[in-house]
file start_19.cif (mmCIF, C-alpha atoms and all ligand atoms)
data_run
#
loop_
_atom_site.group_PDB
_atom_site.id
_atom_site.type_symbol
_atom_site.label_atom_id
_atom_site.label_comp_id
_atom_site.auth_asym_id
_atom_site.auth_seq_id
_atom_site.Cartn_x
_atom_site.Cartn_y
_atom_site.Cartn_z
ATOM 1 C CA MET A 1 15.655 35.900 -24.734
ATOM 2 C CA ASN A 2 17.162 34.320 -21.652
ATOM 3 C CA GLU A 3 18.172 30.687 -22.469
ATOM 4 C CA SER A 4 16.494 29.247 -19.389
ATOM 5 C CA LEU A 5 13.139 30.828 -20.233
ATOM 6 C CA ARG A 6 12.992 29.609 -23.768
ATOM 7 C CA THR A 7 10.375 26.917 -24.341
ATOM 8 C CA PRO A 8 12.317 23.730 -24.980
ATOM 9 C CA ALA A 9 11.844 22.004 -28.307
ATOM 10 C CA PRO A 10 9.273 19.169 -28.094
ATOM 11 C CA GLU A 11 12.020 16.571 -28.717
ATOM 12 C CA ALA A 12 14.000 17.908 -25.754
ATOM 13 C CA ASP A 13 10.890 17.620 -23.601
ATOM 14 C CA GLU A 14 10.362 14.044 -24.693
ATOM 15 C CA ALA A 15 14.005 13.155 -24.101
ATOM 16 C CA ALA A 16 13.861 14.653 -20.596
ATOM 17 C CA MET A 17 10.738 12.634 -19.843
ATOM 18 C CA LEU A 18 12.367 9.473 -21.136
ATOM 19 C CA LEU A 19 15.447 10.100 -18.994
ATOM 20 C CA ALA A 20 13.315 10.728 -15.910
ATOM 21 C CA GLU A 21 11.387 7.491 -16.578
ATOM 22 C CA LEU A 22 14.667 5.612 -17.072
ATOM 23 C CA ASP A 23 15.937 7.051 -13.791
ATOM 24 C CA ARG A 24 12.768 5.927 -11.999
ATOM 25 C CA GLN A 25 13.096 2.415 -13.450
ATOM 26 C CA MET A 26 16.747 2.233 -12.353
ATOM 27 C CA ILE A 27 15.840 3.216 -8.799
ATOM 28 C CA ARG A 28 13.052 0.596 -8.751
ATOM 29 C CA ALA A 29 15.371 -2.091 -10.151
ATOM 30 C CA GLU A 30 18.011 -1.344 -7.484
ATOM 31 C CA ARG A 31 15.381 -1.443 -4.758
ATOM 32 C CA ALA A 32 13.982 -4.704 -6.179
ATOM 33 C CA LEU A 33 17.411 -6.332 -5.999
ATOM 34 C CA GLU A 34 17.902 -5.114 -2.441
ATOM 35 C CA ARG A 35 14.519 -6.441 -1.308
ATOM 36 C CA ASN A 36 14.542 -9.585 -3.420
ATOM 37 C CA THR A 37 11.306 -8.411 -5.018
ATOM 38 C CA LEU A 38 9.177 -11.072 -6.666
ATOM 39 C CA ILE A 39 6.110 -9.038 -7.622
ATOM 40 C CA ASP A 40 6.534 -5.436 -8.651
ATOM 41 C CA VAL A 41 3.375 -3.338 -8.988
ATOM 42 C CA ASP A 42 3.874 -0.026 -10.715
ATOM 43 C CA ASN A 43 1.170 2.619 -10.930
ATOM 44 C CA LEU A 44 -1.701 0.145 -11.099
ATOM 45 C CA GLU A 45 -5.105 1.526 -11.975
ATOM 46 C CA VAL A 46 -8.139 -0.735 -12.303
ATOM 47 C CA ARG A 47 -11.613 0.041 -13.589
ATOM 48 C CA TYR A 48 -14.808 -1.949 -13.791
ATOM 49 C CA GLY A 49 -16.597 -0.137 -16.609
ATOM 50 C CA SER A 50 -16.170 3.546 -15.814
ATOM 51 C CA ASN A 51 -15.764 2.915 -12.082
ATOM 52 C CA VAL A 52 -12.134 3.379 -11.001
ATOM 53 C CA VAL A 53 -11.597 0.950 -8.103
ATOM 54 C CA LEU A 54 -7.798 1.131 -7.749
ATOM 55 C CA ARG A 55 -5.539 4.061 -8.594
ATOM 56 C CA ASP A 56 -1.854 4.989 -8.188
ATOM 57 C CA VAL A 57 -1.045 1.662 -6.563
ATOM 58 C CA THR A 58 2.732 1.102 -6.435
ATOM 59 C CA PHE A 59 4.485 -1.398 -4.187
ATOM 60 C CA ASP A 60 6.542 -4.561 -4.279
ATOM 61 C CA VAL A 61 6.155 -8.011 -2.764
ATOM 62 C CA PRO A 62 9.421 -9.601 -1.657
ATOM 63 C CA ALA A 63 9.998 -13.328 -2.168
ATOM 64 C CA ASN A 64 9.569 -15.657 0.814
ATOM 65 C CA GLN A 65 7.678 -13.184 2.923
ATOM 66 C CA ILE A 66 4.071 -12.832 4.012
ATOM 67 C CA THR A 67 2.464 -9.653 2.736
ATOM 68 C CA ALA A 68 -0.956 -8.801 4.185
ATOM 69 C CA PHE A 69 -3.568 -6.631 2.463
ATOM 70 C CA ILE A 70 -5.813 -4.861 4.947
ATOM 71 C CA GLY A 71 -8.513 -2.213 4.637
ATOM 72 C CA PRO A 72 -12.266 -1.731 4.859
ATOM 73 C CA SER A 73 -14.730 -3.616 2.684
ATOM 74 C CA GLY A 74 -14.794 -2.488 -0.939
ATOM 75 C CA CYS A 75 -11.378 -0.766 -0.877
ATOM 76 C CA GLY A 76 -10.001 -3.019 -3.640
ATOM 77 C CA LYS A 77 -8.004 -5.730 -1.826
ATOM 78 C CA SER A 78 -9.485 -8.692 -3.739
ATOM 79 C CA THR A 79 -9.313 -6.786 -7.004
ATOM 80 C CA ALA A 80 -5.596 -6.149 -6.481
ATOM 81 C CA LEU A 81 -5.016 -9.803 -5.625
ATOM 82 C CA ARG A 82 -6.906 -11.029 -8.697
ATOM 83 C CA CYS A 83 -4.737 -8.832 -10.925
ATOM 84 C CA PHE A 84 -1.699 -10.914 -9.928
ATOM 85 C CA ASN A 85 -2.892 -14.061 -11.677
ATOM 86 C CA ARG A 86 -5.122 -12.308 -14.194
ATOM 87 C CA MET A 87 -8.318 -13.676 -12.708
ATOM 88 C CA ASN A 88 -9.942 -10.302 -13.405
ATOM 89 C CA ASP A 89 -9.475 -10.846 -17.144
ATOM 90 C CA GLU A 90 -12.773 -12.707 -17.235
ATOM 91 C CA ILE A 91 -14.758 -9.987 -15.468
ATOM 92 C CA ARG A 92 -16.900 -7.881 -17.799
ATOM 93 C CA GLY A 93 -15.817 -4.260 -17.975
ATOM 94 C CA PHE A 94 -12.432 -4.899 -16.322
ATOM 95 C CA SER A 95 -9.570 -2.754 -17.580
ATOM 96 C CA MET A 96 -6.241 -1.774 -16.114
ATOM 97 C CA ASN A 97 -3.301 0.552 -16.591
ATOM 98 C CA GLY A 98 0.152 0.342 -15.106
ATOM 99 C CA ARG A 99 2.412 -2.650 -14.887
ATOM 100 C CA ILE A 100 2.714 -5.799 -12.799
ATOM 101 C CA GLN A 101 5.896 -7.819 -13.046
ATOM 102 C CA LEU A 102 6.480 -11.290 -11.666
ATOM 103 C CA GLY A 103 10.165 -12.135 -11.446
ATOM 104 C CA GLY A 104 10.899 -9.229 -13.778
ATOM 105 C CA GLN A 105 8.335 -10.293 -16.427
ATOM 106 C CA ASP A 106 5.315 -8.200 -17.321
ATOM 107 C CA ILE A 107 2.393 -10.569 -16.611
ATOM 108 C CA TYR A 108 0.080 -8.626 -18.948
ATOM 109 C CA ASP A 109 2.433 -9.058 -21.905
ATOM 110 C CA PRO A 110 0.345 -10.648 -24.688
ATOM 111 C CA ARG A 111 2.891 -13.482 -24.962
ATOM 112 C CA VAL A 112 2.234 -14.627 -21.395
ATOM 113 C CA ASP A 113 0.648 -18.077 -21.035
ATOM 114 C CA VAL A 114 -2.159 -17.330 -18.565
ATOM 115 C CA THR A 115 -2.611 -20.992 -17.546
ATOM 116 C CA GLU A 116 1.061 -21.181 -16.635
ATOM 117 C CA LEU A 117 0.802 -17.855 -14.777
ATOM 118 C CA ARG A 118 -2.079 -19.264 -12.724
ATOM 119 C CA ARG A 119 -0.021 -22.356 -11.931
ATOM 120 C CA GLN A 120 2.750 -20.110 -10.639
ATOM 121 C CA VAL A 121 0.398 -17.821 -8.719
ATOM 122 C CA GLY A 122 -2.083 -20.024 -6.845
ATOM 123 C CA MET A 123 -5.201 -18.851 -5.082
ATOM 124 C CA VAL A 124 -7.157 -19.922 -1.998
ATOM 125 C CA PHE A 125 -10.555 -18.374 -1.341
ATOM 126 C CA GLN A 126 -12.576 -17.230 1.653
ATOM 127 C CA HIS A 127 -14.884 -20.236 1.674
ATOM 128 C CA PRO A 128 -13.165 -23.601 1.320
ATOM 129 C CA ASN A 129 -14.192 -24.849 -2.116
ATOM 130 C CA PRO A 130 -13.158 -28.488 -2.523
ATOM 131 C CA PHE A 131 -14.628 -30.285 -5.512
ATOM 132 C CA PRO A 132 -17.405 -32.783 -4.652
ATOM 133 C CA MET A 133 -15.091 -35.756 -5.051
ATOM 134 C CA SER A 134 -12.511 -37.679 -3.031
ATOM 135 C CA ILE A 135 -9.621 -36.065 -1.152
ATOM 136 C CA HIS A 136 -7.160 -37.738 -3.540
ATOM 137 C CA GLU A 137 -9.070 -36.688 -6.647
ATOM 138 C CA ASN A 138 -9.285 -33.050 -5.497
ATOM 139 C CA ILE A 139 -5.518 -32.765 -5.718
ATOM 140 C CA ALA A 140 -5.018 -35.192 -8.610
ATOM 141 C CA LEU A 141 -7.363 -33.179 -10.824
ATOM 142 C CA ALA A 142 -5.355 -29.992 -10.334
ATOM 143 C CA VAL A 143 -2.076 -31.815 -10.992
ATOM 144 C CA ARG A 144 -3.336 -33.564 -14.159
ATOM 145 C CA GLU A 145 -4.557 -30.259 -15.564
ATOM 146 C CA HIS A 146 -0.968 -29.056 -15.742
ATOM 147 C CA ASN A 147 0.706 -32.420 -16.263
ATOM 148 C CA PRO A 148 -1.713 -34.748 -18.147
ATOM 149 C CA ARG A 149 0.876 -37.495 -18.727
ATOM 150 C CA ILE A 150 1.873 -37.954 -15.087
ATOM 151 C CA SER A 151 2.031 -41.645 -14.048
ATOM 152 C CA ARG A 152 -0.258 -43.053 -11.350
ATOM 153 C CA ASP A 153 2.684 -43.655 -8.968
ATOM 154 C CA GLU A 154 4.126 -40.232 -9.480
ATOM 155 C CA LEU A 155 0.689 -38.689 -8.988
ATOM 156 C CA ASP A 156 0.195 -40.546 -5.686
ATOM 157 C CA GLY A 157 3.550 -39.174 -4.531
ATOM 158 C CA VAL A 158 2.601 -35.603 -5.461
ATOM 159 C CA VAL A 159 -0.766 -35.948 -3.677
ATOM 160 C CA GLU A 160 0.919 -37.258 -0.521
ATOM 161 C CA GLN A 161 3.583 -34.571 -0.569
ATOM 162 C CA ALA A 162 1.010 -31.793 -0.988
ATOM 163 C CA LEU A 163 -1.062 -33.150 1.919
ATOM 164 C CA VAL A 164 2.043 -33.452 4.105
ATOM 165 C CA HIS A 165 3.054 -29.923 3.168
ATOM 166 C CA ALA A 166 -0.418 -28.624 4.069
ATOM 167 C CA ASN A 167 -0.310 -30.398 7.470
ATOM 168 C CA LEU A 168 -3.295 -32.574 6.551
ATOM 169 C CA TRP A 169 -1.681 -35.926 5.732
ATOM 170 C CA ASP A 170 -1.891 -37.444 9.214
ATOM 171 C CA GLU A 171 -5.606 -36.700 9.444
ATOM 172 C CA VAL A 172 -6.575 -38.154 6.060
ATOM 173 C CA LYS A 173 -3.920 -40.723 5.058
ATOM 174 C CA ASP A 174 -6.059 -43.729 6.078
ATOM 175 C CA ASP A 175 -8.857 -42.918 3.657
ATOM 176 C CA LEU A 176 -7.935 -40.737 0.700
ATOM 177 C CA LYS A 177 -11.039 -41.991 -1.131
ATOM 178 C CA ARG A 178 -13.299 -40.249 1.382
ATOM 179 C CA SER A 179 -15.329 -37.354 0.039
ATOM 180 C CA ALA A 180 -13.617 -34.006 0.568
ATOM 181 C CA LEU A 181 -17.003 -32.602 1.558
ATOM 182 C CA ALA A 182 -16.956 -34.851 4.662
ATOM 183 C CA LEU A 183 -13.967 -32.932 6.068
ATOM 184 C CA SER A 184 -14.340 -30.113 8.609
ATOM 185 C CA GLY A 185 -14.141 -26.514 7.361
ATOM 186 C CA GLY A 186 -10.569 -26.129 8.604
ATOM 187 C CA GLN A 187 -9.536 -29.430 6.986
ATOM 188 C CA GLN A 188 -11.247 -28.410 3.732
ATOM 189 C CA GLN A 189 -9.297 -25.150 3.733
ATOM 190 C CA ARG A 190 -6.022 -27.058 4.268
ATOM 191 C CA LEU A 191 -7.063 -29.361 1.406
ATOM 192 C CA CYS A 192 -7.519 -26.280 -0.789
ATOM 193 C CA ILE A 193 -4.047 -25.121 0.240
ATOM 194 C CA ALA A 194 -2.705 -28.619 -0.580
ATOM 195 C CA ARG A 195 -4.414 -28.386 -3.982
ATOM 196 C CA ALA A 196 -2.711 -25.048 -4.604
ATOM 197 C CA LEU A 197 0.678 -26.419 -3.474
ATOM 198 C CA ALA A 198 0.443 -29.577 -5.606
ATOM 199 C CA VAL A 199 1.115 -27.715 -8.861
ATOM 200 C CA ARG A 200 4.315 -26.223 -7.408
ATOM 201 C CA PRO A 201 3.455 -22.536 -7.432
ATOM 202 C CA THR A 202 5.814 -19.696 -6.590
ATOM 203 C CA VAL A 203 3.195 -17.489 -4.969
ATOM 204 C CA ILE A 204 0.170 -18.445 -2.882
ATOM 205 C CA MET A 205 -2.538 -15.825 -2.537
ATOM 206 C CA LEU A 206 -5.215 -16.290 0.099
ATOM 207 C CA ASP A 207 -8.318 -14.096 0.170
ATOM 208 C CA GLU A 208 -9.641 -14.074 3.759
ATOM 209 C CA PRO A 209 -8.831 -17.795 4.155
ATOM 210 C CA CYS A 210 -9.879 -17.950 7.809
ATOM 211 C CA ALA A 211 -13.071 -15.913 7.577
ATOM 212 C CA SER A 212 -15.299 -18.966 8.019
ATOM 213 C CA LEU A 213 -13.057 -20.866 10.449
ATOM 214 C CA ASP A 214 -13.043 -21.255 14.240
ATOM 215 C CA PRO A 215 -10.042 -19.944 16.267
ATOM 216 C CA ILE A 216 -8.315 -23.352 16.443
ATOM 217 C CA SER A 217 -8.562 -23.982 12.686
ATOM 218 C CA THR A 218 -7.446 -20.379 12.152
ATOM 219 C CA ALA A 219 -4.389 -20.932 14.348
ATOM 220 C CA ARG A 220 -3.515 -24.078 12.354
ATOM 221 C CA ILE A 221 -3.700 -22.156 9.060
ATOM 222 C CA GLU A 222 -1.528 -19.381 10.507
ATOM 223 C CA GLU A 223 1.073 -21.927 11.699
ATOM 224 C CA LEU A 224 0.975 -23.538 8.278
ATOM 225 C CA LEU A 225 1.552 -20.210 6.484
ATOM 226 C CA LEU A 226 4.502 -19.458 8.762
ATOM 227 C CA GLU A 227 6.002 -22.813 7.729
ATOM 228 C CA LEU A 228 5.218 -22.450 4.024
ATOM 229 C CA VAL A 229 6.802 -19.017 3.733
ATOM 230 C CA ALA A 230 10.226 -20.690 3.739
ATOM 231 C CA ASP A 231 9.377 -22.110 0.288
ATOM 232 C CA TYR A 232 6.689 -19.806 -1.095
ATOM 233 C CA THR A 233 5.799 -16.141 -1.331
ATOM 234 C CA ILE A 234 2.510 -15.512 0.426
ATOM 235 C CA ILE A 235 -0.047 -12.748 0.049
ATOM 236 C CA ILE A 236 -3.020 -12.793 2.380
ATOM 237 C CA VAL A 237 -6.086 -10.556 2.475
ATOM 238 C CA THR A 238 -7.474 -10.344 5.976
ATOM 239 C CA HIS A 239 -9.974 -8.347 8.016
ATOM 240 C CA ASN A 240 -8.416 -9.850 11.118
ATOM 241 C CA LEU A 241 -5.855 -7.246 12.170
ATOM 242 C CA ALA A 242 -4.506 -9.440 14.978
ATOM 243 C CA GLN A 243 -3.826 -12.077 12.325
ATOM 244 C CA ALA A 244 -2.014 -9.591 10.088
ATOM 245 C CA ARG A 245 0.081 -8.516 13.091
ATOM 246 C CA ARG A 246 0.882 -12.120 14.017
ATOM 247 C CA ILE A 247 1.990 -13.454 10.668
ATOM 248 C CA SER A 248 2.831 -10.736 8.152
ATOM 249 C CA ASP A 249 6.189 -9.210 7.301
ATOM 250 C CA ASP A 250 4.801 -6.354 5.210
ATOM 251 C CA VAL A 251 1.358 -4.736 5.298
ATOM 252 C CA ALA A 252 -0.482 -2.883 2.544
ATOM 253 C CA PHE A 253 -3.312 -0.696 3.816
ATOM 254 C CA PHE A 254 -5.907 0.129 1.163
ATOM 255 C CA LEU A 255 -8.582 2.774 1.501
ATOM 256 C CA MET A 256 -11.113 3.632 -1.199
ATOM 257 C CA GLY A 257 -8.988 2.255 -4.027
ATOM 258 C CA ARG A 258 -5.730 3.826 -2.922
ATOM 259 C CA LEU A 259 -2.746 2.237 -1.253
ATOM 260 C CA LEU A 260 -2.528 4.584 1.703
ATOM 261 C CA GLU A 261 0.346 2.929 3.457
ATOM 262 C CA PHE A 262 2.762 0.116 2.773
ATOM 263 C CA GLY A 263 5.702 -1.215 4.728
ATOM 264 C CA ASP A 264 7.050 -3.316 7.534
ATOM 265 C CA ALA A 265 4.118 -4.753 9.497
ATOM 266 C CA ARG A 266 5.365 -3.737 12.904
ATOM 267 C CA ARG A 267 6.007 -0.175 11.706
ATOM 268 C CA VAL A 268 2.572 0.119 10.056
ATOM 269 C CA PHE A 269 0.787 -1.136 13.183
ATOM 270 C CA GLU A 270 2.839 0.636 15.805
ATOM 271 C CA ASP A 271 3.918 3.802 14.090
ATOM 272 C CA PRO A 272 1.701 4.462 11.053
ATOM 273 C CA LEU A 273 2.562 7.414 8.875
ATOM 274 C CA ARG A 274 -1.050 8.312 8.084
ATOM 275 C CA ARG A 275 -3.872 9.275 10.377
ATOM 276 C CA GLU A 276 -6.253 7.050 8.381
ATOM 277 C CA THR A 277 -4.011 4.015 9.002
ATOM 278 C CA ALA A 278 -3.834 4.822 12.710
ATOM 279 C CA ASP A 279 -7.645 5.086 12.826
ATOM 280 C CA TYR A 280 -8.074 1.798 10.990
ATOM 281 C CA VAL A 281 -5.582 -0.227 13.020
ATOM 282 C CA ARG A 282 -7.051 0.969 16.302
ATOM 283 C CA GLY A 283 -10.480 -0.099 15.026
ATOM 284 C CA ALA A 284 -12.040 3.321 14.526
ATOM 285 C CA TYR A 285 -13.699 2.183 11.325
ATOM 286 C CA GLY A 286 -13.962 -0.994 9.360
HETATM 287 N N1 LIG B 1 -16.953 -8.001 -10.748
HETATM 288 C C1 LIG B 1 -17.098 -6.724 -10.424
HETATM 289 N N2 LIG B 1 -17.766 -5.873 -11.236
HETATM 290 C C2 LIG B 1 -17.927 -4.576 -10.926
HETATM 291 N N3 LIG B 1 -17.443 -4.010 -9.788
HETATM 292 C C3 LIG B 1 -16.766 -4.801 -8.944
HETATM 293 C C4 LIG B 1 -16.561 -6.188 -9.208
HETATM 294 N N4 LIG B 1 -15.861 -6.714 -8.183
HETATM 295 C C5 LIG B 1 -15.639 -5.706 -7.325
HETATM 296 N N5 LIG B 1 -16.179 -4.558 -7.769
HETATM 297 C C6 LIG B 1 -16.123 -3.256 -7.107
HETATM 298 O O1 LIG B 1 -14.758 -2.918 -6.921
HETATM 299 C C7 LIG B 1 -14.539 -2.315 -5.646
HETATM 300 C C8 LIG B 1 -13.485 -3.108 -4.903
HETATM 301 O O2 LIG B 1 -13.999 -4.405 -4.625
HETATM 302 P P1 LIG B 1 -13.115 -5.556 -3.967
HETATM 303 O O3 LIG B 1 -13.933 -6.786 -4.014
HETATM 304 O O4 LIG B 1 -11.782 -5.571 -4.603
HETATM 305 O O5 LIG B 1 -12.990 -5.012 -2.462
HETATM 306 P P2 LIG B 1 -12.406 -5.722 -1.175
HETATM 307 O O6 LIG B 1 -11.461 -4.746 -0.557
HETATM 308 O O7 LIG B 1 -11.888 -7.069 -1.502
HETATM 309 O O8 LIG B 1 -13.700 -5.837 -0.238
HETATM 310 P P3 LIG B 1 -14.102 -6.965 0.859
HETATM 311 O O9 LIG B 1 -13.244 -6.674 2.051
HETATM 312 O O10 LIG B 1 -15.547 -6.689 1.124
HETATM 313 O O11 LIG B 1 -13.869 -8.300 0.261
HETATM 314 C C9 LIG B 1 -15.908 -2.275 -4.959
HETATM 315 O O12 LIG B 1 -16.453 -0.999 -5.154
HETATM 316 C C10 LIG B 1 -16.700 -3.323 -5.690
HETATM 317 O O13 LIG B 1 -18.065 -2.993 -5.700
HETATM 318 MG MG MG B 2 -12.479 -9.003 -0.965
#

call {"tool": "encode", "arguments": {"input": "start_19.cif", "output": "structure tokens"}}
result
Amino acid sequence: MNESLRTPAPEADEAAMLLAELDRQMIRAERALERNTLIDVDNLEVRYGSNVVLRDVTFDVPANQITAFIGPSGCGKSTALRCFNRMNDEIRGFSMNGRIQLGGQDIYDPRVDVTELRRQVGMVFQHPNPFPMSIHENIALAVREHNPRISRDELDGVVEQALVHANLWDEVKDDLKRSALALSGGQQQRLCIARALAVRPTVIMLDEPCASLDPISTARIEELLLELVADYTIIIVTHNLAQARRISDDVAFFLMGRLLEFGDARRVFEDPLRRETADYVRGAYG
């Protein structure tokens, strides 16, 4: 029998598969170094019960860039985001396959400290959700959770720094004891960003952070994100395509649980590879 037609032994098959996998990992590692990848998502699949809501999702988030997730309602943007700090863990029926690495570490490794992961990967939500307490206490509470022995003076310094960093300090410095609920929506959202910053995260994820804000407050948040990206890695989910165009470096376009297109924002908006992306970015459906 011709050598090339002979069925290979099962071990040879396995070895070939292992080599191919090794090859793939090497290529990804080289690319990660080139792009200064912070989050590496490899073949992510997510189910809620038997419902597959994300499949074949592979991409990487470079450090100190803004990556925007766009796509119609229900396509899996928030689900993908919540995988990055394991917020989905608490959802009944949630299961996932594939791998997500943060700084080269598998975040689903059983040895991972989930509280520490959530400190590193902070989250800001669509509706500003300050606690019903003072401005100072909103931030102090988050800081004490991770650092219970922090001194009063040190804590005051951290609170001030976070508010300065979130461009809110000048508006609130005269009365930090005021209730956070008395702030405007835009100020509340900046307070929530300050709260996320106060625990010194690496990544800040924002899920439609401007959805309930007026254009001026939205512009202030956008300016803030463009400043913060020097020190943090930012992922933002947005339905506002003009916003994604204005502030993002990379764009991930999701459609029905698949990552249809990923890449440089300008390229995705101006010269999309897929017809579906072109339709979405010119507003044909949403
Ligand atoms: N807790 C949950 N339990 C079961 N199914 C869920 C849950 N959360 C989301 N889903 C389903 O997963 C899919 C993706 O939802 P997801 O919230 O990630 O979409 P999205 O892109 O963020 O949408 P939107 O733009 O409306 O916020 C949807 O079909 C949704 O119904
Ligand atoms: Mg969502």

call {"tool": "residues_near_ligand", "arguments": {"input": "start_19.cif", "ligand": "ligand LIG 1 (chain B)", "cutoff": "9 Å", "atoms": "only C-alpha atoms and all ligand atoms", "output": "JSON, numbers by chain"}}
result
{"A": [46, 47, 48, 49, 51, 52, 53, 54, 69, 70, 71, 72, 73, 74, 75, 76, 77, 78, 79, 80, 81, 82, 88, 91, 92, 93, 94, 207, 208, 237, 238, 239, 254, 255, 256, 257]}

call {"tool": "write_last_selection", "arguments": {"input": "start_19.cif", "atoms": "C-alpha atoms", "output": "compact mmCIF listing (two decimals), in the coordinates of the input"}}
result
# COMPACT_ATOMS: atom_id res chain seq x y z
CA VAL A 46 -8.14 -0.74 -12.30
CA ARG A 47 -11.61 0.04 -13.59
CA TYR A 48 -14.81 -1.95 -13.79
CA GLY A 49 -16.60 -0.14 -16.61
CA ASN A 51 -15.76 2.92 -12.08
CA VAL A 52 -12.13 3.38 -11.00
CA VAL A 53 -11.60 0.95 -8.10
CA LEU A 54 -7.80 1.13 -7.75
CA PHE A 69 -3.57 -6.63 2.46
CA ILE A 70 -5.81 -4.86 4.95
CA GLY A 71 -8.51 -2.21 4.64
CA PRO A 72 -12.27 -1.73 4.86
CA SER A 73 -14.73 -3.62 2.68
CA GLY A 74 -14.79 -2.49 -0.94
CA CYS A 75 -11.38 -0.77 -0.88
CA GLY A 76 -10.00 -3.02 -3.64
CA LYS A 77 -8.00 -5.73 -1.83
CA SER A 78 -9.48 -8.69 -3.74
CA THR A 79 -9.31 -6.79 -7.00
CA ALA A 80 -5.60 -6.15 -6.48
CA LEU A 81 -5.02 -9.80 -5.62
CA ARG A 82 -6.91 -11.03 -8.70
CA ASN A 88 -9.94 -10.30 -13.40
CA ILE A 91 -14.76 -9.99 -15.47
CA ARG A 92 -16.90 -7.88 -17.80
CA GLY A 93 -15.82 -4.26 -17.98
CA PHE A 94 -12.43 -4.90 -16.32
CA ASP A 207 -8.32 -14.10 0.17
CA GLU A 208 -9.64 -14.07 3.76
CA VAL A 237 -6.09 -10.56 2.48
CA THR A 238 -7.47 -10.34 5.98
CA HIS A 239 -9.97 -8.35 8.02
CA PHE A 254 -5.91 0.13 1.16
CA LEU A 255 -8.58 2.77 1.50
CA MET A 256 -11.11 3.63 -1.20
CA GLY A 257 -8.99 2.26 -4.03

call {"tool": "resolve_selection", "arguments": {"input": "start_19.cif", "expression": "the PyMOL selection byres (((chain A and resi 163) around 10) and not hetatm)", "output": "list of chain:residue names"}}
result
A:Ile135, A:His136, A:Ile139, A:Gly157, A:Val158, A:Val159, A:Glu160, A:Gln161, A:Ala162, A:Val164, A:His165, A:Ala166, A:Asn167, A:Leu168, A:Trp169, A:Asp170, A:Glu171, A:Val172, A:Lys173, A:Arg190, A:Leu191, A:Cys192, A:Ile193, A:Ala194, A:Arg195, A:Leu197, A:Ala198

call {"tool": "atom_distance", "arguments": {"input": "start_19.cif", "atom1": "atom CA of Gly98 of chain A", "atom2": "atom CA of Val57 of chain A"}}
result
8.7 Å

call {"tool": "closest_atom_pairs", "arguments": {"input": "start_19.cif", "of": "segment 197-263 of chain A", "to": "segment 25-39 of chain A", "cutoff": "12 Å", "atoms": "all atoms listed in the file", "output": "Markdown table"}}
result
| residue | atom | partner | partner_atom | distance |
| --- | --- | --- | --- | --- |
| A:Thr202 | CA | A:Leu38 | CA | 9.3 |
| A:Val203 | CA | A:Leu38 | CA | 8.9 |
| A:Tyr232 | CA | A:Leu38 | CA | 10.7 |
| A:Thr233 | CA | A:Leu38 | CA | 8.1 |
| A:Ile234 | CA | A:Leu38 | CA | 10.7 |
| A:Ile235 | CA | A:Ile39 | CA | 10.5 |
| A:Asp250 | CA | A:Arg35 | CA | 11.7 |
| A:Gly263 | CA | A:Arg35 | CA | 11.9 |

call {"tool": "resolve_selection", "arguments": {"input": "start_19.cif", "expression": "the PyMOL selection byres (((chain A and resi 100) around 6) and not hetatm)", "output": "list in words"}}
result
Asp40, Val41, Arg99, Gln101 and Asp106 of chain A

call {"tool": "closest_residue", "arguments": {"input": "start_19.cif", "among": "A:Tyr280, A:Ser179, A:Ser212, A:Arg258", "to": "Phe131 of chain A", "atoms": "all atoms listed in the file"}}
result
A:Ser179

call {"tool": "resolve_selection", "arguments": {"input": "start_19.cif", "expression": "the PyMOL selection byres (((chain A and resi 133) around 12) and not hetatm)", "output": "VMD selection string"}}
result
chain A and resid 129 to 132 134 to 141 176 to 183

call {"tool": "closest_residue", "arguments": {"input": "start_19.cif", "among": "A:Asn147, A:Gln187, A:Thr277, A:Gln126", "to": "ligand MG 2 (chain B)", "atoms": "all atoms listed in the file"}}
result
A:Gln126

call {"tool": "atom_distance", "arguments": {"input": "start_19.cif", "atom1": "atom CA of Met205 of chain A", "atom2": "atom CA of Ile236 of chain A"}}
result
5.8 Å

call {"tool": "atom_distance", "arguments": {"input": "start_19.cif", "atom1": "atom CA of Ser248 of chain A", "atom2": "atom CA of Arg266 of chain A"}}
result
8.8 Å

call {"tool": "closest_residue", "arguments": {"input": "start_19.cif", "among": "A:Asp42, A:Leu224, A:Gly103, A:Arg245", "to": "Pro62 of chain A", "atoms": "only C-alpha atoms"}}
result
A:Gly103

call {"tool": "residues_around", "arguments": {"input": "start_19.cif", "residues": "Asp271 of chain A", "least_positions_apart": "6", "cutoff": "12 Å", "atoms": "all atoms listed in the file", "output": "list in words"}}
result
Glu261, Phe262, Gly263, Asp264, Ala265, Thr277, Ala278, Asp279, Val281 and Arg282 of chain A

call {"tool": "closest_residue", "arguments": {"input": "start_19.cif", "among": "A:Leu19, A:Val199, A:Val61, A:Ala211", "to": "ligand MG 2 (chain B)", "atoms": "only C-alpha atoms and all ligand atoms"}}
result
A:Ala211

call {"tool": "axis_aligned_box", "arguments": {"input": "start_19.cif", "around": "segment 197-201 of chain A", "padding_each_side": "8 Å", "output": "AutoDock Vina command-line options"}}
result
--center_x 2.4 --center_y -26.1 --center_z -6.2 --size_x 19.9 --size_y 23.0 --size_z 21.4

call {"tool": "closest_residue", "arguments": {"input": "start_19.cif", "among": "A:Glu90, A:Leu226, A:Glu14, A:His127", "to": "ligand MG 2 (chain B)", "atoms": "all atoms listed in the file"}}
result
A:His127

call {"tool": "closest_residue", "arguments": {"input": "start_19.cif", "among": "A:Leu206, A:Ala12, A:Ile66, A:Leu228", "to": "ligand MG 2 (chain B)", "atoms": "only C-alpha atoms and all ligand atoms"}}
result
A:Leu206
